[in-house]
Structures are given as structure tokens and as C-alpha cells.
Amino acid sequence: MTGSPEGERAGLGSLWPVFTAAAVLTLGEGTFAFLISPYLESRAIHVGLIGGLVAVYGAASLVTRLWAGAAYASQRGPVLVAGAALASAMAFVLIPTTGAPVFVALLVGVNGAAFAFGTTALMAAVMERQPPGVAAGTLMGLYTGSLGLGYACAGFVGGPVADVFGVGEAFVLVAGVAAVAAMVLFVALRRTAVVVAAAPEPATGAGRLASFRRVPRWVWLGFVVTLYINLVSGVVLTFFPLHGLDVGLTLSQIGFAFGIHGLVAALVRFVSAPVFARLSYRKVLTPAVVVSGTAIALLGSTSTFLVVAVAWGGIGLARGLLRVATAALVLDESTASDAGRGAASSVYLAGLDVGKLVGPALGGLGAEIVGIPATFVIAAFVFPALYLVASAMLRRPAPDLQAPGVR
């Protein structure tokens with residue numbers, strides 16, 4: 001589904017409030033992800049346990065993601081998205097009140113479940129609002145770019161705010177950001193009409209769950225890519241703040257490096273439409289993974305701030321390309337029903353959750369055994385190798401990989 005640039009711009013006009021609200025949502029979530037490790041360390045929680053506590057986020061997200069996909073329906077979308085954002089706001093307010101690992105784990109899990117539920121519903125809602133004449137790559141580039149822009153702002157804002165006011169106080173401010181996102185998303189989705197109407201489908205729960213068995217294998221390739229993305233993030237985003245403080249960087253500098261990562265990822269997503277108009281989505285996946293692995297190795301090999309910033313920019317470049325390419329594949333391949341869109345969205349985004357679950361746990365284990373810098377270097381080689389093996393298995397010729405909609 002493609003059209004002229006002028007037609008695409010006109011068709012997308014009604015979705016800009018949704019994109020803006022999505023950026024506000026990830027501004028809050030990104031600030032949480034950046035500050036949680038320094039906050040836990042300030043509460044005298046050991047580095048190995050920090051990895052386990054952060055991994056609770058991924059576990060809660062994964063369990064919730066599948067449920068959210070099965071529960072999604074067009075008429076419930078705005079309520080699901082806004083309610084999830086408000087649940088995250090409540091968790092943010094309560095986290096600074098405790099340093100007990102059990103209660104921290106509970107609140108991290110609440111936030112993980114809420115964010116997973118909300119973003120699953122939000123992606124499905126955006127998919128069914130694809131305007132006529134707007135290509136999948138354009139729509140998903142703008143949507144994922146908006147998410148990335150919020151994460152970029154989180155890095156630039158979160159570090160200075162924490163340096164000035166303290167990490168605990170920053171969490172309270174983040175709660176306000178999440179609450180604003182909830183209100184704006186609710187209004188924006190209610191005012192934006194569904195364009196791609198859902199096809200008839202069984203109304204039973206069993207019928208909705210059956211849609212997961214019909215998810216195309218290219219969607220599962222998207223799962224593998226998002227798993228890789230957050231295996232990387234689960235290690236470096238969780239433990240680089242601690243490593244950066246150890247080598248003499250300030251929270252503001254660490255936040256700036258995170259901001260570079262998010263900004264590059266967002267810009268790549270926003271300008272990706274011309275790239276993918278000339279290049280197959282699939283052809284960028286392996287080169288982007290190689291760029292990511294090289295940048296991770298740099299993080300474990302230097303304490304020079306300029307090199308650190310460049311490395312984070314490389315990780316952001318790879319992340320942006322990978323998210324747009326795979327999101328467009330998912331949009332092209334998902335079936336035209338609420339259950340089909342929900343299932344495709346769930347499977348695709350579940351890769352992020354598994355990565356958030358496994359990445360911090362592996363990072364904590366590696367930090368305990370060989371230290372944080374060596375853990376980064378090992379991850380730089382092991383994670384891309386695992387991706388290449390899984391990708392090769394899914395790319396083997398099979399009837400359902402020959403669908404004409406795949407580019």
C-alpha cells in the first residue's frame with residue numbers, strides 16, 4: 001500500500017496526536033529504565049540482584065503481552081492504552097518509597113506489565129488506522145520513530161533532573177509524564193477513526209487464541225529481531241550507568257550518551273521511508289546486527305566519553321533500522337482482524353519482553369563473574385551469533401514465507 005509523498009502526508013495528518021502521545025509515553029518509560037539501576041545501587045542492592053530485579057520487568061511484560069493481544073478489540077483500544085499508562089504512573093510514584101527488594105520487584109513488575117499491555121494495544125490501534133495510500137514502512141517508521149524520540153528525550157532529560165533533584169524525586173516527575181501520556185492517548189485514539197476495519201472473526205476466547213497459531217513465520221522473524229534488540233538493551237542499558245559511574249562519568253554524561261542512542265534511533269525511523277522504498281526490509285537486518293555488536297564491544301573497551309557517545313549512536317542506528325524493518329514486516333503480514341492484529345503485535349513485541357527478562361539476568365551474572373566491561377565484550381559476539389543462527393532457521397524456504405505481501 002503505497003502512494004505519493006503528498007498523499008501520505010495528508011493521510012497521516014490525523015495520526016500526529018497519537019504519535020506525539022506515544023513519544024510522551026516513552027519519555028516516562030525511558031527515564032525509568034535509565035534511573036532504576038542507579039536508584040537500586042543507592043539503596044545498597046548488590047549488582048547481581050539488580051539484574052534480577054530489572055529482569056522482573058521482562059517477565060511481567062511477557063506474560064501480559066500475550067494476554068493483551070488476545071484481549072484487544074477496536075472499541076476497547078483507547079481504554080486499554082490509557083489505563084495501562086496510569087498503572088505505570090502509580091508504580092513510578094511508589095518506587096522511591098521502598099528499597100526492599102520484594103517490593104521493588106513488585107513495582108517493577110507492575111510497570112512492566114502495564115507498559116507491555118499498553119504498547120501491544122497501541123501498536124494494534126495504529127495498525128488499524130493505516131490511512132489509504134500510506135505504505136507500511138512509512139506508518140511504522142513514524143510510529144516507532146515517535147517511540148524512539150521519547151526514549152531519546154529521556155536520556156537528555158533524566159540525567160540532569162536526577163543530578164539536580166535526586167533519583168527518587170525524578171521518579172515522581174516521571175509519574176506525572178505517564179499520567180499526561182494516558183490522557184493524551186485516550187483522547188487522540190478516540191478522535192482518530194479506524195480505517196482498516198476488522199474482518200469477521202470468532203467471538204470466543206478459543207477463536208482469539210487460535211489466531212496465535214496462524215501467525216506467519218515472518219512475524220516470528222520479527223520476534224527474533226526484537227529479542228536481539230532487548231538482549232542488547234537488557235545488558236547495556238541496565239549496567240552501563242553503573243559502569244559509567246565507575247569510570248568517572250556523571251549521570252548527566254551517561255544520560256547524554258543514552259540520549260544520543262535514542263535520538264539516532266528516532267531519526268533513522270523518521271527518515272527510513274525512502275530507504276525502504278528502494279531496499280528490502282530483510283536486507284538491512286544482518287548488517288544492522290553487525291553494527292550493533294561492534295558498538296557494544298566499544299562500550300566494554302573504553303572510558304573515553306566521545307567514544308562512548310559514538311558507540312551509543314551506533315547502537316541507536318542499528319535499533320532504529322531493526323525496529324522499522326520488522327514492524328513493517330509485521331504490518332504487511334498480519335491478518336485483517338482484531339485477533340490477527342493483536343496476535344501479530346503480541347508475538348512481535350514479546351521479543352522485546354523476553355530480551356528484557358533474559359538480558360538483565362545474563363548481564364548480572366556476567367558482571368558477577370567477569371565484570372561489566374568484559375560482559376559487554378562477550379555480549380557483542382554471542383548475541384549476534386545467536387541471532388544469525390535463529391534467523392537462518394526461520395529464513396529456510398517454506399510455503400508461508402512466500403506470501404506476495406512480503407518485500
# chains A, B, ... in the order shown; residues from 1 in each chain; ligands from 1
$ closest_atom_pairs --of "range 33-96 of chain A" --to "range 117-141 of chain A" --cutoff "7 Å" --atoms "only C-alpha atoms" --output "CSV"
residue,atom,partner,partner_atom,distance
A:Thr64,CA,A:Phe117,CA,6.1
A:Arg65,CA,A:Phe117,CA,5.7
A:Ala68,CA,A:Phe117,CA,5.3
A:Gly69,CA,A:Thr120,CA,6.5
A:Tyr72,CA,A:Ala121,CA,6.2
A:Ser74,CA,A:Ala125,CA,6.9
A:Gly77,CA,A:Ala121,CA,6.0
A:Leu80,CA,A:Gly118,CA,6.3
A:Val81,CA,A:Gly118,CA,4.3
A:Ala84,CA,A:Gly118,CA,5.1
A:Ala85,CA,A:Gly118,CA,6.6
$ closest_atom_pairs --of "range 61-159 of chain A" --to "range 225-242 of chain A" --cutoff "12 Å" --atoms "only C-alpha atoms" --output "JSON lines"
{"residue": "A:Leu62", "atom": "CA", "partner": "A:Leu227", "partner_atom": "CA", "distance": 11.4}
{"residue": "A:Tyr151", "atom": "CA", "partner": "A:Leu237", "partner_atom": "CA", "distance": 11.8}
{"residue": "A:Gly155", "atom": "CA", "partner": "A:Leu237", "partner_atom": "CA", "distance": 10.9}
{"residue": "A:Gly159", "atom": "CA", "partner": "A:Pro241", "partner_atom": "CA", "distance": 10.2}
$ write_last_selection --atoms "C-alpha atoms" --output "compact mmCIF listing (two decimals), in the first residue's frame"
# COMPACT_ATOMS: atom_id res chain seq x y z
CA LEU A 62 5.97 -11.25 28.56
CA TYR A 151 13.41 7.49 24.68
CA GLY A 155 18.29 10.34 28.20
CA GLY A 159 20.27 12.53 33.82
$ closest_residue --among "A:Ala60, A:Leu267, A:Phe171, A:Gly52" --to "Leu142 in chain A" --atoms "only C-alpha atoms"
A:Leu267
$ closest_residue --among "A:Gly300, A:Gly150, A:Gly293, A:Pro17" --to "Ala367 in chain A" --atoms "only C-alpha atoms"
A:Gly300
$ closest_residue --among "A:Tyr348, A:Phe19, A:Tyr387, A:Phe376" --to "Leu147 in chain A" --atoms "only C-alpha atoms"
A:Phe19
$ select_by_dssp --residues "range 83-289 of chain A" --states "helix (DSSP H, G or I)" --output "ChimeraX atom specification"
/A:83-97,101-127,136-165,167-191,205-214,217-246,251-270,272-278,281-289
$ closest_residue --among "A:Val164, A:Ala325, A:Val184, A:Ala59" --to "Gly145 in chain A" --atoms "only C-alpha atoms"
A:Ala325
$ closest_residue --among "A:Val24, A:Leu221, A:Ala374, A:Ala116" --to "Ala328 in chain A" --atoms "only C-alpha atoms"
A:Leu221
$ atom_distance --atom1 "CA of Gly313 in chain A" --atom2 "CA of Ser146 in chain A"
17.3 Å
$ closest_residue --among "A:Leu25, A:Val172, A:Leu317, A:Ala297" --to "Val271 in chain A" --atoms "only C-alpha atoms"
A:Leu317
$ decode --residues "range 374-386 of chain A" --atoms "C-alpha atoms" --output "CSV table (one decimal), in the first residue's frame"
chain,number,residue,atom,x,y,z
A,374,ALA,CA,34.1,-8.0,29.9
A,375,THR,CA,30.4,-8.8,29.9
A,376,PHE,CA,29.8,-6.1,27.2
A,377,VAL,CA,32.6,-7.6,25.0
A,378,ILE,CA,31.2,-11.1,25.4
A,379,ALA,CA,27.7,-10.0,24.6
A,380,ALA,CA,29.0,-8.2,21.5
A,381,PHE,CA,29.9,-11.5,20.0
A,382,VAL,CA,27.5,-14.0,21.5
A,383,PHE,CA,24.2,-12.1,20.9
A,384,PRO,CA,24.8,-11.5,17.1
A,385,ALA,CA,25.8,-15.2,16.7
A,386,LEU,CA,22.6,-16.4,18.3
